[in-house]
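Trainee: What follows is run11.txt; its format and atoms are compact mmCIF, C-alpha atoms and all ligand atoms.
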# COMPACT_ATOMS: atom_id res chain seq x y z
CA MET A 15 102.46 90.27 85.85
CA SER A 16 105.83 90.34 87.55
CA SER A 17 109.45 89.62 86.84
CA ASN A 18 112.34 88.63 89.02
CA GLN A 19 115.19 91.14 88.79
CA GLY A 20 118.13 90.25 90.96
CA GLY A 21 115.80 88.90 93.65
CA LYS A 22 113.62 92.00 93.85
CA ILE A 23 110.32 92.02 92.13
CA LYS A 24 108.90 94.46 89.72
CA VAL A 25 105.20 94.43 89.13
CA SER A 26 103.81 95.66 85.89
CA VAL A 27 100.16 95.83 85.11
CA GLN A 28 99.35 94.97 81.57
CA LYS A 29 96.55 92.45 81.35
CA ALA A 30 93.11 93.56 80.28
CA GLY A 31 89.67 92.08 80.74
CA PRO A 32 87.94 90.76 83.84
CA LEU A 33 89.98 88.84 86.34
CA ASP A 34 88.41 86.22 88.55
CA THR A 35 88.87 87.04 92.23
CA GLY A 36 89.13 83.29 92.76
CA GLU A 37 92.90 83.80 92.59
CA ILE A 38 92.70 86.06 95.62
CA ALA A 39 90.49 83.56 97.45
CA GLN A 40 93.06 80.89 96.67
CA ALA A 41 95.96 83.06 97.91
CA MET A 42 94.10 83.83 101.15
CA LYS A 43 92.54 80.46 101.80
CA SER A 44 94.75 79.65 104.78
CA ILE A 45 93.98 82.86 106.66
CA LYS A 46 91.36 82.37 109.37
CA THR A 47 90.19 85.97 109.83
CA LYS A 48 90.65 89.04 107.62
CA PHE A 49 89.84 92.51 108.84
CA ALA A 50 89.77 95.68 106.73
CA ILE A 51 90.58 98.81 108.70
CA MET A 52 88.78 101.82 107.31
CA SER A 53 87.88 105.39 108.10
CA GLY A 54 85.51 107.97 106.71
CA LYS A 55 88.38 110.42 106.42
CA GLY A 56 92.17 110.55 106.48
CA GLY A 57 94.52 111.23 109.34
CA VAL A 58 92.51 109.58 112.10
CA GLY A 59 95.25 107.06 112.92
CA LYS A 60 93.98 104.20 110.76
CA SER A 61 97.47 102.94 109.91
CA PHE A 62 98.57 103.19 113.53
CA VAL A 63 95.49 101.23 114.60
CA THR A 64 96.10 98.61 111.88
CA ALA A 65 99.70 98.12 113.02
CA SER A 66 98.65 98.08 116.69
CA LEU A 67 95.90 95.49 116.20
CA ALA A 68 98.35 93.28 114.30
CA LEU A 69 101.02 93.68 117.00
CA GLY A 70 98.44 93.03 119.72
CA PHE A 71 97.26 89.81 118.08
CA ALA A 72 100.90 88.74 117.64
CA MET A 73 101.61 89.55 121.31
CA ARG A 74 98.69 87.25 122.19
CA GLY A 75 100.37 84.46 120.25
CA TYR A 76 98.50 84.59 116.94
CA ARG A 77 100.11 84.36 113.50
CA VAL A 78 99.50 87.67 111.86
CA GLY A 79 99.83 89.46 108.53
CA ILE A 80 99.30 93.02 107.39
CA LEU A 81 98.28 94.02 103.92
CA ASP A 82 99.03 97.69 103.41
CA ALA A 83 96.56 98.37 100.63
CA ASP A 84 96.73 102.14 100.98
CA VAL A 85 97.90 102.80 97.46
CA TYR A 86 98.12 106.54 98.05
CA GLY A 87 100.05 106.62 101.29
CA PRO A 88 101.43 103.25 102.36
CA THR A 89 102.82 103.83 105.87
CA ILE A 90 102.80 100.41 107.53
CA PRO A 91 106.50 99.70 106.74
CA LYS A 92 107.43 102.95 108.48
CA LEU A 93 105.45 102.04 111.61
CA LEU A 94 107.08 98.61 111.78
CA GLY A 95 110.66 99.65 110.95
CA LEU A 96 110.50 97.96 107.54
CA VAL A 97 111.28 100.90 105.29
CA GLY A 98 113.47 99.79 102.40
CA ALA A 99 112.43 96.16 102.70
CA SER A 100 111.74 94.35 99.45
CA LEU A 101 109.38 91.66 98.38
CA TYR A 102 110.85 88.57 96.78
CA LEU A 103 109.51 85.97 94.43
CA SER A 104 109.34 82.28 95.16
CA GLU A 105 110.43 79.80 92.50
CA ASP A 106 106.88 79.54 91.25
CA GLU A 107 106.68 83.33 90.94
CA LYS A 108 104.64 83.98 94.08
CA ILE A 109 105.25 87.06 96.22
CA ILE A 110 106.88 86.34 99.58
CA PRO A 111 105.86 88.88 102.28
CA ALA A 112 108.49 90.79 104.25
CA VAL A 113 108.72 89.77 107.91
CA GLY A 114 108.40 92.46 110.55
CA PRO A 115 108.43 92.50 114.38
CA LEU A 116 106.92 89.46 116.15
CA GLY A 117 107.03 87.58 112.83
CA ILE A 118 104.28 89.71 111.29
CA LYS A 119 104.13 89.14 107.53
CA VAL A 120 103.86 92.41 105.67
CA VAL A 121 102.93 93.18 102.10
CA SER A 122 102.84 96.86 101.25
CA MET A 123 102.46 98.87 98.10
CA ASP A 124 105.39 100.82 99.52
CA PHE A 125 107.72 97.91 98.73
CA LEU A 126 106.94 98.35 95.05
CA LEU A 127 107.86 102.02 94.92
CA PRO A 128 111.41 102.84 93.82
CA THR A 129 111.99 105.70 96.31
CA ASP A 130 110.34 107.30 99.26
CA ASP A 131 109.46 110.39 97.24
CA THR A 132 107.74 108.67 94.36
CA ALA A 133 104.26 110.06 93.93
CA VAL A 134 101.76 107.31 93.34
CA ILE A 135 99.35 108.11 90.60
CA TRP A 136 96.89 105.27 90.48
CA ARG A 137 93.78 105.56 88.45
CA GLY A 138 90.67 103.54 89.21
CA PRO A 139 91.06 100.71 86.68
CA LEU A 140 94.79 100.50 87.39
CA VAL A 141 94.20 100.12 91.11
CA ASP A 142 91.63 97.46 90.37
CA ARG A 143 93.95 95.50 88.11
CA ALA A 144 97.08 95.92 90.22
CA ILE A 145 95.32 94.90 93.40
CA LYS A 146 93.81 91.80 91.86
CA ASP A 147 97.03 90.74 90.15
CA PHE A 148 99.07 91.52 93.19
CA LEU A 149 96.83 89.99 95.84
CA GLY A 150 96.29 86.84 93.89
CA SER A 151 100.04 86.23 93.96
CA VAL A 152 100.94 86.61 97.64
CA LEU A 153 102.16 83.55 99.53
CA TRP A 154 100.66 84.31 102.93
CA GLY A 155 100.84 80.76 104.23
CA GLU A 156 98.82 79.90 107.33
CA LEU A 157 97.75 82.94 109.35
CA ASP A 158 95.26 83.48 112.15
CA ALA A 159 94.56 87.08 111.26
CA LEU A 160 95.23 89.47 108.41
CA PHE A 161 94.77 93.23 108.92
CA ILE A 162 94.23 95.30 105.80
CA ASP A 163 94.95 99.03 105.84
CA LEU A 164 92.58 100.47 103.25
CA PRO A 165 93.12 103.89 101.66
CA PRO A 166 91.41 106.61 103.72
CA GLY A 167 87.91 107.81 103.02
CA THR A 168 85.08 106.29 101.08
CA GLY A 169 86.13 107.22 97.53
CA ASP A 170 87.06 105.16 94.50
CA ALA A 171 90.31 103.62 95.71
CA PRO A 172 89.04 102.20 99.02
CA LEU A 173 85.84 101.14 97.28
CA THR A 174 87.66 99.22 94.54
CA ILE A 175 89.92 97.49 97.03
CA ALA A 176 87.13 96.68 99.46
CA GLN A 177 85.01 95.29 96.62
CA THR A 178 87.87 93.20 95.37
CA LEU A 179 88.39 91.72 98.82
CA ALA A 180 84.77 91.75 99.94
CA ASN A 181 84.24 88.00 99.56
CA GLU A 182 87.25 87.32 101.72
CA LEU A 183 86.69 89.76 104.52
CA THR A 184 85.59 88.69 107.98
CA GLY A 185 84.65 92.27 108.71
CA SER A 186 85.56 95.92 108.67
CA ILE A 187 86.85 97.90 111.62
CA ILE A 188 85.96 101.58 111.53
CA VAL A 189 88.43 104.04 113.01
CA THR A 190 87.29 107.50 113.92
CA ALA A 191 88.65 110.46 115.83
CA PRO A 192 86.73 113.23 117.56
CA SER A 193 85.91 116.19 115.37
CA ASP A 194 83.00 118.45 114.53
CA VAL A 195 82.00 116.42 111.54
CA SER A 196 82.71 112.95 112.84
CA ARG A 197 79.08 111.85 113.06
CA ARG A 198 78.71 112.23 109.33
CA ILE A 199 82.10 110.67 108.75
CA VAL A 200 81.30 107.61 110.84
CA GLN A 201 78.00 107.32 109.02
CA LYS A 202 79.83 107.40 105.67
CA ALA A 203 82.10 104.61 106.83
CA ILE A 204 79.12 102.53 107.97
CA ASP A 205 77.36 103.13 104.63
CA PHE A 206 80.54 102.13 102.82
CA SER A 207 80.76 98.80 104.65
CA ARG A 208 77.14 98.08 103.92
CA LYS A 209 77.60 99.00 100.27
CA VAL A 210 80.39 96.48 99.82
CA LYS A 211 78.42 93.99 101.92
CA VAL A 212 81.09 93.52 104.54
CA PRO A 213 80.01 92.97 108.17
CA ILE A 214 81.12 95.70 110.57
CA VAL A 215 83.24 94.40 113.46
CA GLY A 216 82.94 97.67 115.35
CA ILE A 217 84.12 101.21 115.89
CA ILE A 218 87.40 102.32 117.46
CA GLU A 219 87.66 105.89 118.63
CA ASN A 220 91.28 107.01 118.34
CA MET A 221 92.77 110.16 119.95
CA CYS A 222 89.72 110.21 122.20
CA CYS A 223 91.27 112.08 125.07
CA PHE A 224 94.43 112.65 127.06
CA TYR A 225 95.43 110.67 130.15
CA CYS A 226 97.40 113.21 132.19
CA PRO A 227 100.33 111.39 133.83
CA GLU A 228 100.63 114.08 136.55
CA SER A 229 97.06 114.45 137.70
CA GLY A 230 95.94 110.94 136.71
CA LYS A 231 92.87 112.57 135.18
CA THR A 232 91.43 111.98 131.71
CA TYR A 233 90.83 115.12 129.66
CA TYR A 234 88.41 115.03 126.73
CA ILE A 235 90.16 117.85 124.91
CA PHE A 236 88.09 117.52 121.75
CA GLY A 237 84.78 117.54 123.59
CA LYS A 238 82.10 114.90 123.55
CA LEU A 239 82.88 111.54 121.96
CA ILE A 240 80.44 110.21 119.42
CA GLY A 241 81.80 106.71 118.69
CA LYS A 242 79.70 105.03 121.37
CA GLU A 243 76.57 106.97 120.44
CA MET A 244 76.99 106.05 116.75
CA ALA A 245 77.70 102.41 117.60
CA ASP A 246 74.50 102.24 119.67
CA ARG A 247 72.46 104.01 117.03
CA TYR A 248 73.53 101.58 114.31
CA GLY A 249 73.67 98.48 116.49
CA ILE A 250 77.41 98.08 115.94
CA PRO A 251 79.88 97.00 118.62
CA TYR A 252 81.92 99.78 120.22
CA LEU A 253 85.40 98.30 120.47
CA GLY A 254 86.94 101.01 122.62
CA MET A 255 89.00 104.15 122.62
CA ILE A 256 92.68 105.01 122.38
CA PRO A 257 93.99 108.18 124.02
CA LEU A 258 96.23 110.79 122.46
CA ASP A 259 99.77 109.95 123.44
CA PRO A 260 102.75 111.98 122.20
CA ARG A 261 104.95 108.88 122.44
CA ILE A 262 102.93 107.34 119.58
CA GLY A 263 104.19 109.95 117.10
CA GLU A 264 107.74 109.61 118.40
CA ALA A 265 107.73 105.80 118.18
CA ASN A 266 106.14 105.93 114.71
CA ASP A 267 108.80 108.35 113.48
CA LEU A 268 111.53 106.04 114.75
CA GLY A 269 109.90 102.93 113.27
CA GLU A 270 109.67 101.40 116.76
CA PRO A 271 106.29 99.75 117.33
CA PHE A 272 104.63 101.72 120.15
CA LEU A 273 102.81 98.71 121.57
CA MET A 274 106.06 96.81 122.08
CA LYS A 275 108.12 99.75 123.31
CA TYR A 276 105.52 100.97 125.81
CA SER A 277 103.72 97.71 126.42
CA THR A 278 102.85 98.51 130.05
CA SER A 279 101.58 102.07 129.45
CA ASP A 280 97.92 102.97 129.95
CA THR A 281 97.69 103.67 126.21
CA ALA A 282 98.99 100.17 125.41
CA LYS A 283 96.47 98.74 127.90
CA ALA A 284 93.66 100.55 126.10
CA ILE A 285 94.85 99.13 122.76
CA LEU A 286 95.25 95.61 124.16
CA SER A 287 91.77 95.77 125.62
CA ILE A 288 90.45 96.43 122.10
CA VAL A 289 92.60 93.57 120.79
CA ASP A 290 91.14 91.23 123.43
CA THR A 291 87.61 92.32 122.57
CA VAL A 292 88.15 91.46 118.88
CA ILE A 293 89.83 88.15 119.80
CA ALA A 294 86.84 87.27 122.02
CA MET A 295 84.43 88.10 119.19
CA TYR A 296 86.22 85.78 116.74
CA LYS A 297 87.49 83.14 119.16
CA ASP A 298 85.75 80.31 117.28
CA LYS A 299 87.19 81.28 113.92
CA LEU A 300 90.65 81.93 115.37
CA GLU A 301 90.78 78.57 117.06
CA GLY A 302 88.88 76.62 114.49
CA LYS A 303 89.82 75.27 111.15
CA VAL A 304 90.25 77.58 108.21
CA GLU A 305 87.04 78.03 106.27
CA VAL A 306 87.56 77.91 102.54
CA PRO A 307 85.62 80.88 101.19
CA LYS A 308 83.10 80.38 98.44
CA LYS A 309 84.35 81.33 95.02
CA GLN A 310 82.19 84.11 93.65
CA PRO A 311 82.85 86.35 90.67
CA ILE A 312 83.45 89.95 91.68
CA LYS A 313 80.97 91.15 89.06
CA SER A 314 78.04 90.62 91.40
CA LEU A 315 79.53 93.25 93.70
CA MET A 316 80.34 95.80 91.04
CA LYS A 317 76.92 97.30 90.39
CA LEU A 318 77.61 100.20 92.65
CA PRO A 319 76.92 103.35 90.65
CA GLY A 320 73.23 102.43 90.33
CA GLU A 321 73.11 101.44 93.99
CA GLU A 322 74.35 104.83 95.19
CA GLU A 323 71.18 105.61 97.16
CA GLU A 324 70.81 102.18 98.68
CA GLY A 325 73.73 102.55 101.11
CA ASN A 326 72.41 105.81 102.56
CA GLU A 327 69.64 104.41 104.61
N1 LIG B 1 96.41 107.98 119.61
C1 LIG B 1 97.33 108.76 119.04
N2 LIG B 1 98.03 109.67 119.78
C2 LIG B 1 98.97 110.47 119.23
N3 LIG B 1 99.29 110.44 117.93
C3 LIG B 1 98.63 109.58 117.15
C4 LIG B 1 97.63 108.69 117.65
N4 LIG B 1 97.17 107.92 116.62
C5 LIG B 1 97.84 108.31 115.53
N5 LIG B 1 98.71 109.30 115.84
C6 LIG B 1 99.58 110.05 114.90
O1 LIG B 1 98.70 110.70 113.98
C7 LIG B 1 99.25 110.71 112.68
C8 LIG B 1 98.29 110.03 111.72
O2 LIG B 1 98.24 108.64 112.03
P1 LIG B 1 98.12 107.56 110.87
O3 LIG B 1 99.15 107.76 109.83
O4 LIG B 1 98.02 106.23 111.52
O5 LIG B 1 96.68 108.01 110.30
P2 LIG B 1 95.92 107.51 109.02
O6 LIG B 1 94.47 107.62 109.34
O7 LIG B 1 96.44 106.21 108.57
O8 LIG B 1 96.32 108.65 107.98
P3 LIG B 1 96.19 108.62 106.39
O9 LIG B 1 94.81 109.06 106.12
O10 LIG B 1 97.23 109.63 105.95
O11 LIG B 1 96.49 107.23 105.93
C9 LIG B 1 100.61 110.01 112.78
O12 LIG B 1 101.60 110.99 112.92
C10 LIG B 1 100.49 109.18 114.06
O13 LIG B 1 101.75 108.99 114.67
MG MG B 2 97.37 105.66 106.80
Just give me the structure as C-alpha cells.

Mentor:
Amino acid sequence: MSSNQGGKIKVSVQKAGPLDTGEIAQAMKSIKTKFAIMSGKGGVGKSFVTASLALGFAMRGYRVGILDADVYGPTIPKLLGLVGASLYLSEDEKIIPAVGPLGIKVVSMDFLLPTDDTAVIWRGPLVDRAIKDFLGSVLWGELDALFIDLPPGTGDAPLTIAQTLANELTGSIIVTAPSDVSRRIVQKAIDFSRKVKVPIVGIIENMCCFYCPESGKTYYIFGKLIGKEMADRYGIPYLGMIPLDPRIGEANDLGEPFLMKYSTSDTAKAILSIVDTVIAMYKDKLEGKVEVPKKQPIKSLMKLPGEEEEGNE
C-alpha cells in the first residue's frame, strides 16, 4: 500500500475486497484508551478540543497520540505547529508518527497531501480502504491515550471511519457549540455514536460564553446553553464548557498550542478541568494494563443502511 521515496512515504490505495480490521486492532493494541472526538456539525471547535485534550493529558504526564482522521480538513498539524512534517516508514514498512509538542505522536491525513492547497476528494469506498490500510500500518507504540479527530458531522466519511475504528474505541466525546439548532445537532451526534455502537464519554460545550477580563463576569452571548440539558436528558456525562477566547484563534493561527502558551488562564483551567474529569473516568484503564481488544470482523457493523431508523430513538 505504500512505498518509501527518499524517506517520505507515499500511500496509494489499490487493493480491493474486504480487509480485516484485525490489522488495525494489532496496530493499536498497545494503546490503553482511544477517544473519537465528534460533532453533529462543522466549525464547533472539534479539532481545537481534540488537540487540547491531547495536550492536557500530556501535561498530566500521560503518553499521548492524535489521529487526525478528518480526511476533508485535517487541521491538527496546524494547531500543533507541525505543518510540513512528514511521516516516515520503518524498515518493516510501518508508518512512524510525527512527534509534536510534549512528545505527542501525530498521524494526520495532512501529512499525505502534497501541498496545503490540495483539495481532498475522497469517495466513500476510497476513504474506507485508505483508512483501513493506513491505520493498520501505524507504529503507535505504547500510549495511554489516543485522540481521534473525526470528520465533522454525521455523514458518510465520519460514519465509515467510526465504523472502522468502532471495535477499538473506548468512547466518543461529543463537542457542541451554542446555536439555534444545537439540540438537534447534539441529538444527531448521540444517535451517530449509538449507531456505530460506541459508548459516549460525554458532551463538551465549546464557545459557551465569554469571561470578561475587565468585569470578571461571564457573559452567555449566545443565550441559553443546552449541553447540560441534553446530557441529562440522555443520561450522558456533561464534561464541561470552554469559553470563547480570542487568544485561541491567535495561538491556532501561529501553530502555538493554546493550552501550553496560556496554561494559567481561566480558559486553560476550564479545559484542564475537562481533562481531569476524563482522566478520573478512565483512571483504571489508564493505570492498568493494556487490554487486547477482541478481533471482530467489521462486517457485523456495516449493516447500517437498513438500520437507519434504529438510531433515532
Ligand atoms: N473556545 C474558542 N474560542 C475562540 N475561538 C475558538 C474556540 N474554539 C475554537 N475556536 C476557533 O474556531 C475555529 C474553528 O475551530 P476548529 O477548527 O477546531 O473547529 P472544527 O469543529 O474542527 O471545524 P471543522 O468542522 O472545519 O473541522 C478556529 O478558528 C478556532 O481557532
Ligand atoms: Mg476540524

Trainee: Would you compute the distance between atom CA of Met221 of chain A and atom CA of Ile285 of chain A? Give it in Å to one decimal.

Mentor: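 Computing the Euclidean distance for atom CA of Met221 of chain A and atom CA of Ile285 of chain A yields 11.6 Å.
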
Trainee: Using 9 Å as the limit and counting all atoms listed in the file, can you tabulate each residue of chain A that touches ligand MG 2 (chain B), with its shortest atom-to-atom distance in Å and the two atoms involved, as JSON lines?

Mentor:
{"residue": "A:Gly56", "atom": "CA", "partner": "B:MG2", "partner_atom": "MG", "distance": 7.1}
{"residue": "A:Gly57", "atom": "CA", "partner": "B:MG2", "partner_atom": "MG", "distance": 6.8}
{"residue": "A:Val58", "atom": "CA", "partner": "B:MG2", "partner_atom": "MG", "distance": 8.2}
{"residue": "A:Gly59", "atom": "CA", "partner": "B:MG2", "partner_atom": "MG", "distance": 6.6}
{"residue": "A:Lys60", "atom": "CA", "partner": "B:MG2", "partner_atom": "MG", "distance": 5.4}
{"residue": "A:Ser61", "atom": "CA", "partner": "B:MG2", "partner_atom": "MG", "distance": 4.1}
{"residue": "A:Phe62", "atom": "CA", "partner": "B:MG2", "partner_atom": "MG", "distance": 7.3}
{"residue": "A:Thr64", "atom": "CA", "partner": "B:MG2", "partner_atom": "MG", "distance": 8.8}
{"residue": "A:Asp82", "atom": "CA", "partner": "B:MG2", "partner_atom": "MG", "distance": 8.8}
{"residue": "A:Asp84", "atom": "CA", "partner": "B:MG2", "partner_atom": "MG", "distance": 6.8}
{"residue": "A:Tyr86", "atom": "CA", "partner": "B:MG2", "partner_atom": "MG", "distance": 8.8}
{"residue": "A:Gly87", "atom": "CA", "partner": "B:MG2", "partner_atom": "MG", "distance": 6.2}
{"residue": "A:Pro88", "atom": "CA", "partner": "B:MG2", "partner_atom": "MG", "distance": 6.5}
{"residue": "A:Thr89", "atom": "CA", "partner": "B:MG2", "partner_atom": "MG", "distance": 5.8}
{"residue": "A:Ile90", "atom": "CA", "partner": "B:MG2", "partner_atom": "MG", "distance": 7.6}
{"residue": "A:Asp163", "atom": "CA", "partner": "B:MG2", "partner_atom": "MG", "distance": 7.1}
{"residue": "A:Leu164", "atom": "CA", "partner": "B:MG2", "partner_atom": "MG", "distance": 7.9}
{"residue": "A:Pro165", "atom": "CA", "partner": "B:MG2", "partner_atom": "MG", "distance": 6.9}
{"residue": "A:Pro166", "atom": "CA", "partner": "B:MG2", "partner_atom": "MG", "distance": 6.8}

Trainee: From (85.8, 101.3, 106.9), in the file's coordinates, out to 9 Å: which residues are reached, counting all atoms listed in the file? Answer as a ChimeraX atom specification.

Mentor: /A:50-54,164,166-168,172,176,186-189,200,202-207,214

Trainee: Calculate how many Å separate atom CA of Cys223 of chain A from atom CA of Ile235 of chain A, rounding to one decimal.

Mentor: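 So the answer is 5.9 Å.
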
Trainee: With distances taken over all atoms listed in the file, which residue among A:Lys92, A:Lys146, A:Arg77, A:Arg197 lies nearest ligand LIG 1 (chain B)?

Mentor: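 Using all atoms listed in the file, ligand LIG 1 (chain B) sits closest to A:Lys92.
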
Trainee: Is it possible to get the residues within 10 Å of (93.3, 87.3, 96.5) (coordinates as in the file, counting only C-alpha atoms) written as a ChimeraX atom specification?

Mentor: /A:34-43,145-152,178-179,181-182

Trainee: Give me, please, the distance in Å between atom CA of Ile240 of chain A and atom CA of Leu258 of chain A, quoted to one decimal.

Mentor: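 Atom CA of Leu258 of chain A lies at a distance of 16.1 Å from atom CA of Ile240 of chain A.
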
Trainee: Using only C-alpha atoms, pick whichever of A:Pro111, A:Gly249, A:Gly70, A:Gly185 has the shortest atom-to-atom distance to Val215 of chain A.

Mentor: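 For Val215 of chain A, the nearest of the given residues is A:Gly185.
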
Trainee: Which of these, A:Asn266, A:Ser279, A:Thr232, A:Gln177, has the shortest distance to ligand LIG 1 (chain B) once you count all atoms listed in the file?

Mentor: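 Comparing A:Asn266, A:Ser279, A:Thr232, A:Gln177 against ligand LIG 1 (chain B), the winner is A:Asn266.
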
Trainee: A:Met73, A:Leu153, A:Val292, A:Leu93: which is nearest Ile110 of chain A, counting all atoms listed in the file?

Mentor: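 Among the listed residues, A:Leu153 lies closest to Ile110 of chain A.
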
Trainee: Would you please work out which residue, of A:Thr190, A:Ser229, A:Thr47, A:Ser100, is nearest to ligand LIG 1 (chain B) when using only C-alpha atoms and all ligand atoms?

Mentor: A:Thr190

Trainee: Would you pick out the contacts of Ala68 of chain A at 7 Å or less, using all atoms listed in the file, so that residues sharing its chain but fewer than 4 positions from it are not included, and give the list as a PyMOL selection string?

Mentor: chain A and resi 64+72+78+80+161

Trainee: Between A:Asp298, A:Glu156, A:Asp290, A:Asp259, single out the one closest to ligand LIG 1 (chain B), counting only C-alpha atoms and all ligand atoms.

Mentor: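 Nearest candidate to ligand LIG 1 (chain B) out of A:Asp298, A:Glu156, A:Asp290, A:Asp259: A:Asp259.
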
Trainee: May I have the centre and edge lengths, in Å to one decimal, of an axis-aligned box around the listed atoms of segment 120-125 of chain A with 4 Å added to every side, as lines of an AutoDock Vina configuration file?

Mentor:
center_x = 105.1
center_y = 96.6
center_z = 101.9
size_x = 13.3
size_y = 16.4
size_z = 15.6
